[in-house]
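Coordinates from target21.cif are shown below (mmCIF, C-alpha atoms).
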```cif
data_query
#
loop_
_atom_site.label_atom_id
_atom_site.label_comp_id
_atom_site.auth_asym_id
_atom_site.auth_seq_id
_atom_site.Cartn_x
_atom_site.Cartn_y
_atom_site.Cartn_z
CA MET J 1 0.25 -10.08 -19.78
CA ASP J 2 -2.14 -8.79 -22.44
CA SER J 3 -5.14 -9.72 -20.32
CA LEU J 4 -3.67 -7.83 -17.35
CA ARG J 5 -3.06 -4.83 -19.59
CA ARG J 6 -6.66 -4.99 -20.88
CA VAL J 7 -7.98 -5.15 -17.33
CA LEU J 8 -5.89 -2.21 -16.13
CA ASN J 9 -6.79 -0.23 -19.24
CA GLY J 10 -10.48 -0.81 -18.54
CA ARG J 11 -11.25 -2.79 -21.71
CA GLU J 12 -12.96 -5.66 -19.88
CA GLU J 13 -16.75 -5.93 -19.50
CA GLU J 14 -18.24 -3.54 -16.93
CA GLY J 15 -19.52 -6.34 -14.73
CA ASP J 16 -16.23 -8.22 -14.72
CA GLU J 17 -14.82 -8.59 -11.20
CA GLU J 18 -11.22 -8.06 -12.33
CA SER J 19 -12.20 -4.86 -14.10
CA GLN J 20 -13.83 -3.55 -10.95
CA LEU J 21 -10.77 -4.63 -8.95
CA PHE J 22 -8.26 -2.65 -10.96
CA GLY J 23 -10.45 0.17 -12.23
CA ASN J 24 -10.10 2.26 -15.34
CA VAL J 25 -6.75 3.88 -16.07
CA THR J 26 -7.45 5.11 -19.58
CA GLY J 27 -7.73 8.77 -18.75
CA GLY J 28 -11.11 9.26 -17.15
CA SER J 29 -11.71 11.84 -14.47
CA ASP J 30 -10.09 9.55 -11.89
CA SER J 31 -6.85 9.25 -13.83
CA CYS J 32 -3.80 10.98 -12.49
CA CYS J 33 -1.98 11.42 -15.78
CA PRO J 34 -4.16 10.56 -18.78
CA SER J 35 -1.37 11.36 -21.24
CA LEU J 36 0.98 8.70 -19.83
CA SER J 37 1.34 5.50 -21.76
CA TRP J 38 0.86 2.08 -20.17
CA GLU J 39 4.63 1.50 -20.12
CA THR J 40 5.28 4.86 -18.47
CA ARG J 41 2.66 4.11 -15.80
CA ILE J 42 4.27 0.74 -15.06
CA LYS J 43 7.73 2.35 -14.90
CA GLY J 44 6.41 5.03 -12.53
CA PHE J 45 4.76 2.41 -10.36
CA ILE J 46 7.93 0.30 -10.17
CA ALA J 47 10.16 3.32 -9.51
CA CYS J 48 7.91 4.72 -6.80
CA CYS J 49 7.41 1.34 -5.13
CA GLY J 50 11.15 0.60 -5.34
CA LEU J 51 11.97 3.99 -3.82
CA GLY J 52 9.52 3.32 -0.99
CA ILE J 53 11.08 -0.07 -0.25
CA LEU J 54 14.59 1.44 -0.43
CA LEU J 55 13.63 4.21 2.00
CA SER J 56 12.20 1.67 4.42
CA ILE J 57 15.37 -0.43 4.24
CA ILE J 58 17.61 2.61 4.77
CA GLY J 59 15.40 3.64 7.67
CA SER J 60 15.76 0.19 9.21
CA ILE J 61 19.55 0.41 8.87
CA THR J 62 19.58 3.79 10.64
CA LEU J 63 17.88 2.16 13.63
CA PHE J 64 21.04 0.17 14.30
CA PHE J 65 23.06 3.38 14.45
CA GLY J 66 20.80 4.92 17.07
CA GLY J 67 18.84 7.28 14.86
CA LEU J 68 15.31 6.79 16.17
CA VAL J 69 13.86 9.88 14.49
CA SER J 70 15.53 9.17 11.14
CA PHE J 71 14.36 5.55 11.36
CA ALA J 72 10.75 6.57 11.97
CA LEU J 73 10.83 9.24 9.25
CA LEU J 74 12.47 7.10 6.58
CA TYR J 75 10.46 3.97 7.31
CA SER J 76 7.12 5.81 7.43
CA PHE J 77 7.92 7.89 4.36
CA GLY J 78 8.95 4.67 2.60
CA THR J 79 5.60 3.10 3.43
CA LEU J 80 3.72 6.14 2.16
CA THR J 81 5.83 6.24 -1.01
CA ALA J 82 5.18 2.56 -1.71
CA LEU J 83 1.49 3.13 -1.05
CA SER J 84 1.39 6.10 -3.41
CA SER J 85 2.96 4.08 -6.22
CA THR J 86 -0.49 2.73 -7.04
CA LEU J 87 -1.55 6.24 -8.03
CA PHE J 88 0.32 5.69 -11.30
CA LEU J 89 -1.90 2.73 -12.11
CA ARG J 90 -5.29 3.88 -10.91
CA GLY J 91 -5.22 7.62 -10.44
CA PRO J 92 -5.65 9.47 -7.14
CA VAL J 93 -9.45 9.68 -6.98
CA SER J 94 -9.98 6.05 -7.95
CA GLN J 95 -7.30 4.91 -5.50
CA MET J 96 -8.77 6.92 -2.63
CA LYS J 97 -12.22 5.53 -3.34
CA SER J 98 -10.76 2.05 -3.36
CA MET J 99 -8.80 2.59 -0.14
CA PHE J 100 -11.92 3.60 1.75
CA LYS J 101 -14.28 0.94 0.42
CA GLU J 102 -16.02 -1.13 3.05
CA THR J 103 -13.75 -4.14 2.44
CA ARG J 104 -10.52 -2.31 3.25
CA ILE J 105 -11.39 0.81 5.25
CA PHE J 106 -10.38 -0.88 8.51
CA ALA J 107 -6.99 -1.89 7.10
CA THR J 108 -6.45 1.59 5.66
CA ILE J 109 -7.25 3.35 8.93
CA ILE J 110 -5.07 1.00 10.97
CA MET J 111 -2.17 1.42 8.54
CA LEU J 112 -2.39 5.22 8.59
CA LEU J 113 -2.80 5.22 12.38
CA MET J 114 0.33 3.08 12.78
CA ILE J 115 2.29 5.51 10.61
CA VAL J 116 1.18 8.43 12.79
CA LEU J 117 1.92 6.51 16.01
CA THR J 118 5.37 5.51 14.71
CA LEU J 119 6.19 9.16 14.13
CA CYS J 120 4.69 10.25 17.47
CA SER J 121 6.70 7.66 19.38
CA ALA J 122 9.91 8.89 17.76
CA PHE J 123 9.34 12.67 17.81
CA TRP J 124 7.38 13.35 20.98
CA TRP J 125 7.51 10.30 23.21
CA LYS J 126 11.11 9.36 22.29
CA ASN J 127 10.37 5.73 23.11
CA ALA J 128 12.35 3.30 20.93
CA GLY J 129 10.35 0.25 22.04
CA LEU J 130 7.05 1.82 21.10
CA CYS J 131 8.49 3.11 17.84
CA LEU J 132 9.67 -0.37 16.89
CA LEU J 133 6.34 -1.92 17.91
CA PHE J 134 4.37 0.60 15.86
CA CYS J 135 6.73 0.08 12.93
CA ILE J 136 6.12 -3.69 13.02
CA LEU J 137 2.38 -3.08 13.26
CA GLN J 138 2.70 -0.61 10.37
CA PHE J 139 4.31 -3.35 8.26
CA VAL J 140 1.62 -5.89 9.19
CA ALA J 141 -1.16 -3.38 8.47
CA PHE J 142 0.40 -2.51 5.11
CA ALA J 143 0.67 -6.19 4.21
CA TRP J 144 -2.95 -6.80 5.26
CA TYR J 145 -4.04 -3.77 3.23
CA SER J 146 -2.06 -4.96 0.20
CA ILE J 147 -3.50 -8.46 0.18
CA SER J 148 -7.00 -6.99 0.28
CA TYR J 149 -6.57 -6.35 -3.44
CA ILE J 150 -6.03 -10.06 -4.14
CA PRO J 151 -9.35 -11.94 -4.26
CA PHE J 152 -9.72 -14.45 -1.41
CA ALA J 153 -6.17 -13.76 -0.13
CA ARG J 154 -7.36 -12.58 3.28
CA ASP J 155 -9.43 -15.73 3.71
CA ALA J 156 -6.41 -17.86 2.80
CA VAL J 157 -4.20 -16.04 5.31
CA LYS J 158 -6.83 -16.37 8.04
CA LYS J 159 -7.19 -20.11 7.36
CA CYS J 160 -3.41 -20.55 7.34
CA PHE J 161 -3.00 -18.83 10.70
CA SER J 162 -5.96 -20.63 12.25
CA SER J 163 -4.58 -24.00 11.14
CA CYS J 164 -1.15 -23.09 12.53
CA LEU J 165 -2.66 -22.12 15.88
CA SER J 166 -4.82 -25.25 16.11
#
```
Could you rewrite the structure in this file as structure tokens?
Amino acid sequence: MDSLRRVLNGREEEGDEESQLFGNVTGGSDSCCPSLSWETRIKGFIACCGLGILLSIIGSITLFFGGLVSFALLYSFGTLTALSSTLFLRGPVSQMKSMFKETRIFATIIMLLMIVLTLCSAFWWKNAGLCLLFCILQFVAFAWYSISYIPFARDAVKKCFSSCLS
């Protein structure tokens, strides 16, 4: 745990891959709240991520009661809330730079596009099938985006799926 804390606090060597992965959260210009302690940042991350998951679950429940618009709103807002939870750890500027790096720009764009299409299918097109399809694709895109932060995780997932399909 101490090594993870050192990495997230930016105390590792500059060339260290883990340090570059998590960035500096010690209050530089990229930091969202430089006065927050490490424990407060973790609590904010957990609370924001938990709220996002809860909103997505509540949104999924509303789908069974026929509320297409409330489903799309709650599920999409839940995804965005869970995504924004990382701002507590990295800060907004650092997180945005990381989201649009070459390694994950495609996943980021697809995820954001699926959120927009989920909302469009509920509000304007009023098509439940499309809304559900875009919601599933939103989940897959968010998962693919999330594993991009784990070294070699995408390669492992690709190999797993290719071996299952062979």
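Compared by their closest atoms to Thr40 of chain J, and using only C-alpha atoms, the residues J:Ile136, J:Leu89, J:Gly59, J:Ala82 rank with J:Leu89 nearest.
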Worksheet item: Could you spell out the hits of the PyMOL selection byres ((chain J and resi 49) around 9) on the shown file, as a list in words?
Response: Gly44, Phe45, Ile46, Ala47, Cys48, Gly50, Leu51, Gly52, Ile53, Leu54, Gly78, Thr79, Thr81, Ala82, Leu83, Ser84, Ser85 and Thr86 of chain J
Item to complete: Scan for residues within 8 Å of the point (6.5, 2.7, 6.3) in the coordinates of the file, using all atoms listed in the file, and reply as JSON, numbers by chain.
Response: {"J": [52, 56, 74, 75, 76, 77, 78, 79, 80, 115, 135, 138, 139]}
Practice prompt. Could you tell me how far atom CA of Leu87 of chain J lies from atom CA of Arg41 of chain J, in Å and to one decimal?
Written response: 9.1 Å
Worksheet item: Residues at most 12 Å from Ala141 of chain J, counting all atoms listed in the file, excluding those fewer than 6 positions away in the same chain, as number ranges by chain?
Response: J: 79, 83, 104-115, 134-135, 147-148
Worksheet item: What does the distance between atom CA of Leu137 of chain J and atom CA of Ile150 of chain J come to in Å, to one decimal place?
Response: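 Rounded to one decimal, the two atoms are 20.5 Å apart.
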Worksheet item: Distance atom CA of Ser70 of chain J-atom CA of Ile57 of chain J, one decimal place?
Response: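 Interatomic distance, atom CA of Ser70 of chain J to atom CA of Ile57 of chain J: 11.8 Å.
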Worksheet item: Between J:Phe88, J:Tyr149, J:Phe142, J:Trp125, which is the closest to Leu36 of chain J once you count only C-alpha atoms?
Response: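 Looking at the shortest contact to Leu36 of chain J, the residue is J:Phe88.
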Worksheet item: Nearest to Val157 of chain J: which of J:Trp144, J:Leu73, J:Thr62, J:Gln95 is it, counting all atoms listed in the file?
Response: J:Trp144
Padding of 4 Å on every side, edges along x, y and z, all listed atoms of segment 78-97 of chain J included: what centre and edge lengths in Å, to one decimal, does that box have, as JSON?
```
{"center_x": -1.6, "center_y": 6.1, "center_z": -4.3, "size_x": 29.2, "size_y": 15.1, "size_z": 23.5}
```
Fill in: Contact residues around Ser121 of chain J with only C-alpha atoms at 10 Å, ignoring same-chain residues under 6 positions, as a PyMOL selection string
chain J and resi 68-69+72+127-135
Worksheet item: Restricting the calculation to only C-alpha atoms, which member of J:Phe71, J:Ile42, J:Gly66, J:Ile61 is positioned closest to Thr118 of chain J?
Response: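 Among the listed residues, the smallest separation from Thr118 of chain J belongs to J:Phe71.
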